[in-house]
>>> print(open('my_file.csv').read())   # CSV, C-alpha atoms and all ligand atoms
chain,number,residue,atom,x,y,z
A,1,MET,CA,7.8,5.2,34.7
A,2,LEU,CA,6.2,5.5,31.3
A,3,ARG,CA,8.2,8.0,29.2
A,4,ALA,CA,7.4,7.0,25.6
A,5,LEU,CA,4.7,5.6,23.3
A,6,ILE,CA,6.1,3.7,20.3
A,7,PHE,CA,3.7,3.1,17.5
A,8,ASP,CA,3.7,0.6,14.6
A,9,VAL,CA,2.2,2.2,11.5
A,10,ASP,CA,0.5,-0.2,9.2
A,11,GLY,CA,-2.7,-1.6,10.8
A,12,THR,CA,-2.1,0.4,14.0
A,13,LEU,CA,-2.1,4.1,13.1
A,14,ALA,CA,-4.3,3.4,10.1
A,15,ASP,CA,-5.8,0.4,8.2
A,16,THR,CA,-3.4,0.7,5.4
A,17,GLU,CA,-2.9,-2.9,4.2
A,18,ARG,CA,-6.0,-4.1,2.3
A,19,ASP,CA,-7.0,-0.9,0.5
A,20,GLY,CA,-3.7,0.8,0.5
A,21,HIS,CA,-0.5,-1.3,0.2
A,22,ARG,CA,-2.3,-4.2,-1.5
A,23,LEU,CA,-3.8,-2.0,-4.2
A,24,ALA,CA,-0.5,-0.2,-4.7
A,25,PHE,CA,1.3,-3.5,-5.2
A,26,ASN,CA,-1.3,-4.6,-7.7
A,27,ARG,CA,-1.1,-1.4,-9.7
A,28,ALA,CA,2.7,-1.6,-9.7
A,29,PHE,CA,2.5,-5.2,-11.1
A,30,ALA,CA,0.1,-4.0,-13.8
A,31,GLU,CA,2.3,-1.1,-14.7
A,32,ALA,CA,5.2,-3.5,-15.2
A,33,GLY,CA,3.1,-5.7,-17.4
A,34,LEU,CA,3.1,-8.6,-14.9
A,35,ASP,CA,0.0,-10.8,-14.5
A,36,TRP,CA,0.5,-10.9,-10.7
A,37,HIS,CA,-2.6,-10.1,-8.7
A,38,TRP,CA,-2.9,-10.2,-4.9
A,39,ASP,CA,-6.5,-10.6,-3.8
A,40,VAL,CA,-7.7,-9.8,-0.3
A,41,ALA,CA,-7.3,-13.4,0.9
A,42,LEU,CA,-3.9,-14.0,-0.7
A,43,TYR,CA,-2.6,-10.7,0.7
A,44,GLY,CA,-3.7,-11.8,4.2
A,45,GLU,CA,-1.5,-14.8,3.8
A,46,LEU,CA,1.4,-12.9,2.3
A,47,LEU,CA,1.3,-10.4,5.3
A,48,ALA,CA,3.1,-13.1,7.3
A,49,VAL,CA,6.2,-11.8,5.6
A,50,THR,CA,6.9,-8.2,6.7
A,51,GLY,CA,8.5,-5.7,4.3
A,52,GLY,CA,7.2,-5.2,0.7
A,53,LYS,CA,10.4,-6.3,-1.0
A,54,GLU,CA,10.6,-9.4,1.2
A,55,ARG,CA,6.9,-10.1,0.6
A,56,MET,CA,7.3,-10.0,-3.2
A,57,ARG,CA,10.3,-12.3,-3.0
A,58,HIS,CA,8.3,-14.7,-0.9
A,59,TYR,CA,5.5,-14.6,-3.4
A,60,VAL,CA,7.8,-15.4,-6.3
A,61,ASP,CA,9.4,-18.3,-4.3
A,62,ARG,CA,6.1,-19.8,-3.4
A,63,TYR,CA,3.8,-19.1,-6.3
A,64,ARG,CA,5.8,-18.1,-9.4
A,65,SER,CA,8.0,-20.9,-10.4
A,66,ASP,CA,7.7,-19.4,-13.9
A,67,ILE,CA,9.6,-16.3,-12.7
A,68,ARG,CA,12.0,-17.8,-10.3
A,69,GLY,CA,15.4,-18.2,-11.8
A,70,ASN,CA,14.1,-17.3,-15.3
A,71,ARG,CA,16.4,-14.5,-16.3
A,72,ASP,CA,14.7,-14.0,-19.7
A,73,HIS,CA,11.2,-13.6,-18.3
A,74,VAL,CA,12.5,-11.1,-15.8
A,75,ALA,CA,14.3,-9.2,-18.5
A,76,ALA,CA,11.2,-9.2,-20.7
A,77,SER,CA,9.2,-7.5,-18.0
A,78,GLY,CA,11.1,-4.3,-18.6
A,79,VAL,CA,13.9,-4.3,-16.0
A,80,ALA,CA,17.1,-2.9,-17.3
A,81,LEU,CA,19.4,-5.6,-16.1
A,82,GLN,CA,22.2,-4.3,-14.0
A,83,SER,CA,25.7,-5.4,-14.6
A,84,PRO,CA,26.4,-8.7,-12.9
A,85,PRO,CA,26.5,-9.9,-10.2
A,86,GLN,CA,23.1,-8.3,-9.4
A,87,ASP,CA,20.4,-10.9,-9.4
A,88,PRO,CA,17.8,-9.9,-12.0
A,89,LEU,CA,15.0,-10.8,-9.6
A,90,ASP,CA,16.4,-8.4,-7.0
A,91,ALA,CA,16.4,-5.7,-9.8
A,92,LEU,CA,12.8,-6.5,-10.7
A,93,ILE,CA,11.7,-6.4,-7.1
A,94,ALA,CA,13.5,-3.1,-6.4
A,95,ARG,CA,11.9,-1.5,-9.4
A,96,LEU,CA,8.4,-2.8,-8.5
A,97,HIS,CA,8.9,-1.6,-5.0
A,98,ALA,CA,9.9,1.9,-6.1
A,99,THR,CA,6.8,2.1,-8.3
A,100,LYS,CA,4.6,0.7,-5.5
A,101,THR,CA,5.9,3.3,-3.1
A,102,ARG,CA,5.2,6.1,-5.6
A,103,ILE,CA,1.6,4.8,-6.1
A,104,TYR,CA,1.0,4.3,-2.4
A,105,THR,CA,2.2,7.8,-1.4
A,106,GLU,CA,0.1,9.3,-4.2
A,107,MET,CA,-3.0,7.4,-2.8
A,108,LEU,CA,-2.3,8.8,0.7
A,109,ALA,CA,-1.8,12.3,-0.6
A,110,GLU,CA,-5.3,12.1,-2.1
A,111,GLY,CA,-6.6,11.4,1.5
A,112,ALA,CA,-7.4,7.7,0.8
A,113,ILE,CA,-6.8,6.4,4.3
A,114,PRO,CA,-7.8,7.9,7.7
A,115,LEU,CA,-6.2,7.3,11.1
A,116,ARG,CA,-7.9,4.6,13.3
A,117,PRO,CA,-10.2,5.8,16.1
A,118,GLY,CA,-8.4,7.2,19.1
A,119,VAL,CA,-5.0,7.6,17.4
A,120,ARG,CA,-5.0,11.4,17.0
A,121,ARG,CA,-6.5,11.9,20.5
A,122,LEU,CA,-3.9,9.7,22.2
A,123,LEU,CA,-1.0,11.4,20.3
A,124,GLU,CA,-2.3,14.8,21.2
A,125,GLU,CA,-2.7,13.8,24.9
A,126,ALA,CA,0.8,12.4,25.0
A,127,ARG,CA,2.2,15.6,23.5
A,128,ALA,CA,0.3,17.8,26.0
A,129,GLN,CA,1.7,15.7,28.9
A,130,GLY,CA,5.3,15.5,27.7
A,131,VAL,CA,5.2,11.8,27.0
A,132,ARG,CA,7.6,11.2,24.1
A,133,LEU,CA,6.5,9.7,20.8
A,134,ALA,CA,8.2,7.4,18.3
A,135,ILE,CA,7.5,5.1,15.4
A,136,ALA,CA,8.8,1.5,14.8
A,137,THR,CA,7.7,0.1,11.5
A,138,THR,CA,8.8,-2.2,8.7
A,139,THR,CA,7.4,0.1,6.0
A,140,THR,CA,9.3,2.6,3.9
A,141,ILE,CA,10.0,6.0,5.5
A,142,ASP,CA,8.3,7.8,2.5
A,143,ASN,CA,5.1,5.9,3.3
A,144,VAL,CA,5.2,7.1,7.0
A,145,SER,CA,5.8,10.7,6.0
A,146,ALA,CA,2.9,10.5,3.5
A,147,LEU,CA,0.5,9.0,6.0
A,148,LEU,CA,1.3,11.5,8.7
A,149,ALA,CA,1.1,14.5,6.3
A,150,SER,CA,-2.2,13.4,4.9
A,151,THR,CA,-3.9,12.7,8.2
A,152,LEU,CA,-2.3,15.0,10.8
A,153,GLY,CA,-0.6,17.6,8.6
A,154,ARG,CA,3.0,18.2,7.5
A,155,GLN,CA,4.1,19.4,11.0
A,156,ALA,CA,3.2,16.0,12.5
A,157,GLU,CA,6.4,14.2,11.5
A,158,ALA,CA,8.2,16.4,14.1
A,159,TRP,CA,5.9,15.1,16.8
A,160,PHE,CA,7.9,11.8,16.7
A,161,GLU,CA,11.3,12.0,18.2
A,162,VAL,CA,12.5,8.9,16.3
A,163,ILE,CA,11.0,7.3,13.2
A,164,GLY,CA,12.5,3.9,12.8
A,165,ALA,CA,11.4,2.6,9.4
A,166,GLY,CA,12.1,0.1,6.7
A,167,ASP,CA,15.7,-0.9,5.8
A,168,VAL,CA,17.3,1.1,8.6
A,169,VAL,CA,17.8,-2.2,10.4
A,170,PRO,CA,18.7,-5.4,8.5
A,171,ALA,CA,16.2,-7.7,10.1
A,172,LYS,CA,12.5,-6.7,10.0
A,173,LYS,CA,9.7,-7.7,12.4
A,174,PRO,CA,9.3,-10.2,14.1
A,175,ALA,CA,13.0,-9.4,14.9
A,176,PRO,CA,13.3,-6.9,17.7
A,177,ASP,CA,15.8,-4.8,15.8
A,178,ILE,CA,13.5,-1.8,14.9
A,179,TYR,CA,12.3,-1.5,18.5
A,180,SER,CA,15.8,-1.8,19.9
A,181,TYR,CA,17.0,0.8,17.4
A,182,VAL,CA,14.2,3.3,18.4
A,183,LEU,CA,14.9,2.7,22.2
A,184,GLU,CA,18.6,3.2,21.7
A,185,ARG,CA,18.1,6.4,19.7
A,186,MET,CA,15.8,7.7,22.4
A,187,GLY,CA,18.2,6.8,25.2
A,188,LEU,CA,15.4,4.7,26.9
A,189,GLY,CA,15.3,1.3,28.4
A,190,PRO,CA,12.4,-1.0,27.4
A,191,GLY,CA,10.8,-0.6,30.8
A,192,GLU,CA,10.2,3.1,30.0
A,193,GLY,CA,8.2,2.6,26.8
A,194,LEU,CA,4.9,1.1,25.7
A,195,ALA,CA,4.4,-0.3,22.2
A,196,PHE,CA,1.3,-0.2,20.1
A,197,GLU,CA,0.9,-3.0,17.5
A,198,ASP,CA,-1.8,-4.7,15.4
A,199,SER,CA,-0.1,-8.0,14.5
A,200,HIS,CA,1.5,-11.2,15.8
A,201,ASN,CA,4.8,-10.3,14.1
A,202,GLY,CA,4.7,-6.8,15.6
A,203,LEU,CA,4.0,-8.1,19.0
A,204,ARG,CA,6.9,-10.6,18.8
A,205,ALA,CA,9.2,-7.8,17.8
A,206,ALA,CA,8.1,-5.5,20.6
A,207,ARG,CA,8.2,-8.2,23.2
A,208,ALA,CA,11.6,-9.4,22.1
A,209,ALA,CA,12.8,-5.9,22.6
A,210,GLY,CA,11.5,-6.0,26.1
A,211,LEU,CA,8.5,-3.7,25.6
A,212,LYS,CA,5.0,-4.1,27.1
A,213,THR,CA,2.6,-4.0,24.2
A,214,ILE,CA,-1.0,-2.9,23.5
A,215,ILE,CA,-2.7,-4.6,20.5
A,216,THR,CA,-5.5,-3.1,18.4
A,217,THR,CA,-6.7,-5.7,16.0
A,218,ASN,CA,-8.0,-5.4,12.5
A,219,ASP,CA,-9.6,-7.7,9.9
A,220,TYR,CA,-6.3,-9.2,8.9
A,221,THR,CA,-5.0,-9.8,12.4
A,222,GLN,CA,-8.0,-10.5,14.7
A,223,ALA,CA,-7.5,-14.3,14.7
A,224,GLN,CA,-3.8,-14.1,15.4
A,225,ASP,CA,-2.1,-15.2,18.7
A,226,PHE,CA,-1.5,-12.2,21.0
A,227,THR,CA,-0.2,-14.1,24.0
A,228,GLY,CA,2.1,-11.8,25.9
A,229,ALA,CA,0.3,-8.6,25.1
A,230,GLN,CA,-0.8,-6.5,28.1
A,231,LEU,CA,-4.1,-5.7,26.5
A,232,VAL,CA,-5.8,-6.7,23.2
A,233,LEU,CA,-8.5,-4.3,22.0
A,234,ASP,CA,-10.5,-4.0,18.8
A,235,GLN,CA,-9.5,-0.3,18.6
A,236,LEU,CA,-8.2,2.5,20.9
A,237,GLY,CA,-11.7,3.8,21.0
A,238,GLU,CA,-13.2,7.3,21.5
A,239,PRO,CA,-15.5,8.7,24.2
A,240,HIS,CA,-18.5,8.1,21.8
A,241,GLN,CA,-17.0,4.9,20.4
A,242,PRO,CA,-16.0,2.4,23.1
A,243,PHE,CA,-13.4,-0.3,22.6
A,244,ARG,CA,-14.0,-4.0,23.0
A,245,VAL,CA,-11.5,-5.8,25.3
A,246,LEU,CA,-10.5,-9.0,23.5
A,247,ALA,CA,-7.9,-10.2,26.0
A,248,GLY,CA,-5.5,-9.0,28.7
A,249,TRP,CA,-5.3,-6.6,31.6
A,250,HIS,CA,-8.6,-6.6,33.4
A,251,ARG,CA,-8.4,-3.7,35.9
A,252,LEU,CA,-9.6,-1.2,33.4
A,253,GLY,CA,-11.5,0.8,36.0
A,254,GLY,CA,-14.5,1.3,33.8
A,255,ALA,CA,-12.5,2.8,31.0
A,256,THR,CA,-14.2,2.6,27.6
A,257,TYR,CA,-11.4,4.2,25.5
A,258,PHE,CA,-7.6,4.1,25.7
A,259,ASP,CA,-6.1,7.3,27.1
A,260,LEU,CA,-2.8,8.1,28.8
A,261,SER,CA,-4.1,7.3,32.3
A,262,LEU,CA,-5.0,3.8,31.1
A,263,ALA,CA,-1.6,3.6,29.3
A,264,ARG,CA,0.1,4.4,32.7
A,265,ALA,CA,-2.1,1.9,34.5
A,266,VAL,CA,-1.4,-0.9,32.1
A,267,HIS,CA,2.3,-0.1,31.9
A,268,GLY,CA,2.6,-0.1,35.7
A,269,GLY,CA,0.6,-3.3,36.1
A,270,CYS,CA,2.2,-6.7,36.1
A,301,LIG,C1,4.1,-3.5,7.6
A,301,LIG,C2,4.7,-4.1,6.5
A,301,LIG,C3,5.0,-3.3,5.3
A,301,LIG,C4,3.9,-2.9,4.5
A,301,LIG,C5,4.4,-2.5,3.1
A,301,LIG,O1,4.3,-4.2,8.8
A,301,LIG,O2,5.0,-5.3,6.5
A,301,LIG,O3,5.9,-4.1,4.5
A,301,LIG,O4,2.9,-3.9,4.3
A,301,LIG,O5,5.3,-1.5,3.2
A,301,LIG,P1,4.2,-3.6,10.2
A,301,LIG,P2,6.7,-1.5,2.2
A,301,LIG,O6,2.9,-2.9,10.4
A,301,LIG,O7,4.4,-4.7,11.2
A,301,LIG,O8,5.4,-2.6,10.3
A,301,LIG,O9,6.3,-2.0,0.9
A,301,LIG,O10,7.2,-0.1,2.3
A,301,LIG,O11,7.6,-2.5,2.9
A,302,MG,MG,1.4,-3.4,11.7
>>> encode(input="my_file.csv", output="structure tokens")
Amino acid sequence: MLRALIFDVDGTLADTERDGHRLAFNRAFAEAGLDWHWDVALYGELLAVTGGKERMRHYVDRYRSDIRGNRDHVAASGVALQSPPQDPLDALIARLHATKTRIYTEMLAEGAIPLRPGVRRLLEEARAQGVRLAIATTTTIDNVSALLASTLGRQAEAWFEVIGAGDVVPAKKPAPDIYSYVLERMGLGPGEGLAFEDSHNGLRAARAAGLKTIITTNDYTQAQDFTGAQLVLDQLGEPHQPFRVLAGWHRLGGATYFDLSLARAVHGGC
């Protein structure tokens, strides 16, 4: 029985990465006086690492041998060095991430990013029919609150029984931890939920937690491997804006947009 829909946020509820997170990272780098710049292509590559702090550390490890291990350079970029043993690079990344979160949430408050097609409709249908809602994301909780408030209104955070976000679990996607955390908090088994994701890493996380998964792709993820997903769509769609089926469950019964009856059919199918 389908009891809950569990949503990823970035790329799934809204197309937040290219013109949201990426821009916010770049503005945070500029504010800190760093010459780091993540263009659209580089950011697509960096998205392989989930979590903003983890992504910055990966960037330094891979591209910034000038920064790595260079305590003086890090100190010169304005970080108040904490008393040892804190790694100065950790301090820099923590400070950049706090700035980036501030910038990103301000962008959302200005209404910069809308929900993807069909998201509001599906959420409202689930609420009307008593299907429980939750979120499982690697992004920071403040970012989730800001997106929900700016798109659905302040009350919408309460629509989600559990919001699993960011550092609440130690291992981010593709580890299953955030999905397992959400299921445990809801008192549900994986057979009672359906996950919504946009990325290969997200699919791996949901599948490893035992959840059947619907994928809606975006520009950054459309070429990724979605083996194991129940259904791969270009979007959830709307009555006037049909989805394209890219792979997966074929008995769609003529459906052209993803609603709760299709969710139940896909969840119940093999
Ligand atoms: C989203 C992420 C996040 C955001 C940035 O992945 O990986 O790190 O890009 O947010 P998913 P933070 O959609 O799979 O959850 O900077 O707050 O981490
Ligand atoms: Mg995502």
>>> residues_near_ligand(input="my_file.csv", ligand="ligand MG 302 (chain A)", cutoff="6 Å", atoms="all atoms listed in the file", output="list of chain:residue names")
A:Asp8, A:Val9, A:Asp10, A:Gly11, A:Thr12, A:Glu197, A:Asp198, A:Ser199
>>> write_last_selection(input="my_file.csv", atoms="C-alpha atoms", output="compact mmCIF listing (two decimals), in the coordinates of the input")
# COMPACT_ATOMS: atom_id res chain seq x y z
CA ASP A 8 3.70 0.60 14.60
CA VAL A 9 2.20 2.20 11.50
CA ASP A 10 0.50 -0.20 9.20
CA GLY A 11 -2.70 -1.60 10.80
CA THR A 12 -2.10 0.40 14.00
CA GLU A 197 0.90 -3.00 17.50
CA ASP A 198 -1.80 -4.70 15.40
CA SER A 199 -0.10 -8.00 14.50
>>> closest_residue(input="my_file.csv", among="A:Arg57, A:Lys173, A:Lys212, A:His250", to="Gly268 of chain A", atoms="only C-alpha atoms")
A:Lys212
>>> residues_around(input="my_file.csv", residues="Phe25 of chain A", least_positions_apart="3", cutoff="9 Å", atoms="all atoms listed in the file", output="MDAnalysis selection string")
chainID A and resid 20:22 28:30 37:38 52 96:97 99:101 103:104
>>> closest_residue(input="my_file.csv", among="A:Gly187, A:Pro117, A:Pro242, A:Gly166", to="ligand LIG 301 (chain A)", atoms="all atoms listed in the file")
A:Gly166
>>> residues_near_point(input="my_file.csv", point="(-1.8, -14.5, 24.4)", cutoff="12 Å", atoms="only C-alpha atoms", output="MDAnalysis selection string")
chainID A and resid 199:200 203:204 207 213:215 223:232 246:249
>>> closest_residue(input="my_file.csv", among="A:Leu34, A:Leu233, A:Val266, A:Leu47", to="ligand LIG 301 (chain A)", atoms="all atoms listed in the file")
A:Leu47
>>> residues_around(input="my_file.csv", residues="segment 258-265 of chain A", least_positions_apart="6", cutoff="12 Å", atoms="all atoms listed in the file", output="compact mmCIF listing (two decimals) with C-alpha atoms, in the frame of the given file")
# COMPACT_ATOMS: atom_id res chain seq x y z
CA MET A 1 7.80 5.20 34.70
CA LEU A 2 6.20 5.50 31.30
CA ARG A 3 8.20 8.00 29.20
CA ALA A 4 7.40 7.00 25.60
CA LEU A 5 4.70 5.60 23.30
CA ILE A 6 6.10 3.70 20.30
CA PRO A 117 -10.20 5.80 16.10
CA GLY A 118 -8.40 7.20 19.10
CA VAL A 119 -5.00 7.60 17.40
CA ARG A 120 -5.00 11.40 17.00
CA ARG A 121 -6.50 11.90 20.50
CA LEU A 122 -3.90 9.70 22.20
CA LEU A 123 -1.00 11.40 20.30
CA GLU A 124 -2.30 14.80 21.20
CA GLU A 125 -2.70 13.80 24.90
CA ALA A 126 0.80 12.40 25.00
CA ARG A 127 2.20 15.60 23.50
CA ALA A 128 0.30 17.80 26.00
CA GLN A 129 1.70 15.70 28.90
CA GLY A 130 5.30 15.50 27.70
CA VAL A 131 5.20 11.80 27.00
CA ARG A 132 7.60 11.20 24.10
CA GLY A 191 10.80 -0.60 30.80
CA GLU A 192 10.20 3.10 30.00
CA GLY A 193 8.20 2.60 26.80
CA LEU A 194 4.90 1.10 25.70
CA ALA A 195 4.40 -0.30 22.20
CA PHE A 196 1.30 -0.20 20.10
CA LYS A 212 5.00 -4.10 27.10
CA THR A 213 2.60 -4.00 24.20
CA ILE A 214 -1.00 -2.90 23.50
CA ILE A 215 -2.70 -4.60 20.50
CA THR A 216 -5.50 -3.10 18.40
CA GLN A 230 -0.80 -6.50 28.10
CA LEU A 231 -4.10 -5.70 26.50
CA VAL A 232 -5.80 -6.70 23.20
CA LEU A 233 -8.50 -4.30 22.00
CA ASP A 234 -10.50 -4.00 18.80
CA GLN A 235 -9.50 -0.30 18.60
CA LEU A 236 -8.20 2.50 20.90
CA GLY A 237 -11.70 3.80 21.00
CA GLU A 238 -13.20 7.30 21.50
CA PRO A 239 -15.50 8.70 24.20
CA GLN A 241 -17.00 4.90 20.40
CA PRO A 242 -16.00 2.40 23.10
CA PHE A 243 -13.40 -0.30 22.60
CA ARG A 244 -14.00 -4.00 23.00
CA VAL A 245 -11.50 -5.80 25.30
CA TRP A 249 -5.30 -6.60 31.60
CA HIS A 250 -8.60 -6.60 33.40
CA ARG A 251 -8.40 -3.70 35.90
CA LEU A 252 -9.60 -1.20 33.40
>>> closest_residue(input="my_file.csv", among="A:Ala41, A:Leu152, A:Ile113, A:Val49", to="ligand LIG 301 (chain A)", atoms="all atoms listed in the file")
A:Val49
>>> atom_distance(input="my_file.csv", atom1="atom CA of Ala175 of chain A", atom2="atom CA of Ala205 of chain A")
5.0 Å
>>> atom_distance(input="my_file.csv", atom1="atom CA of Ala32 of chain A", atom2="atom C2 of ligand LIG 301 (chain A)")
21.7 Å
>>> closest_residue(input="my_file.csv", among="A:Arg27, A:Ala112, A:His267, A:Arg62", to="Leu42 of chain A", atoms="all atoms listed in the file")
A:Arg62
>>> residues_around(input="my_file.csv", residues="Asp177 of chain A", least_positions_apart="2", cutoff="12 Å", atoms="all atoms listed in the file", output="VMD selection string")
chain A and resid 136 to 138 164 to 175 179 to 184 202 204 to 210
>>> closest_residue(input="my_file.csv", among="A:Asn201, A:Ala134, A:Thr16, A:Ile141", to="Pro114 of chain A", atoms="all atoms listed in the file")
A:Thr16
>>> atom_distance(input="my_file.csv", atom1="atom CA of Thr256 of chain A", atom2="atom CA of Ala14 of chain A")
20.1 Å
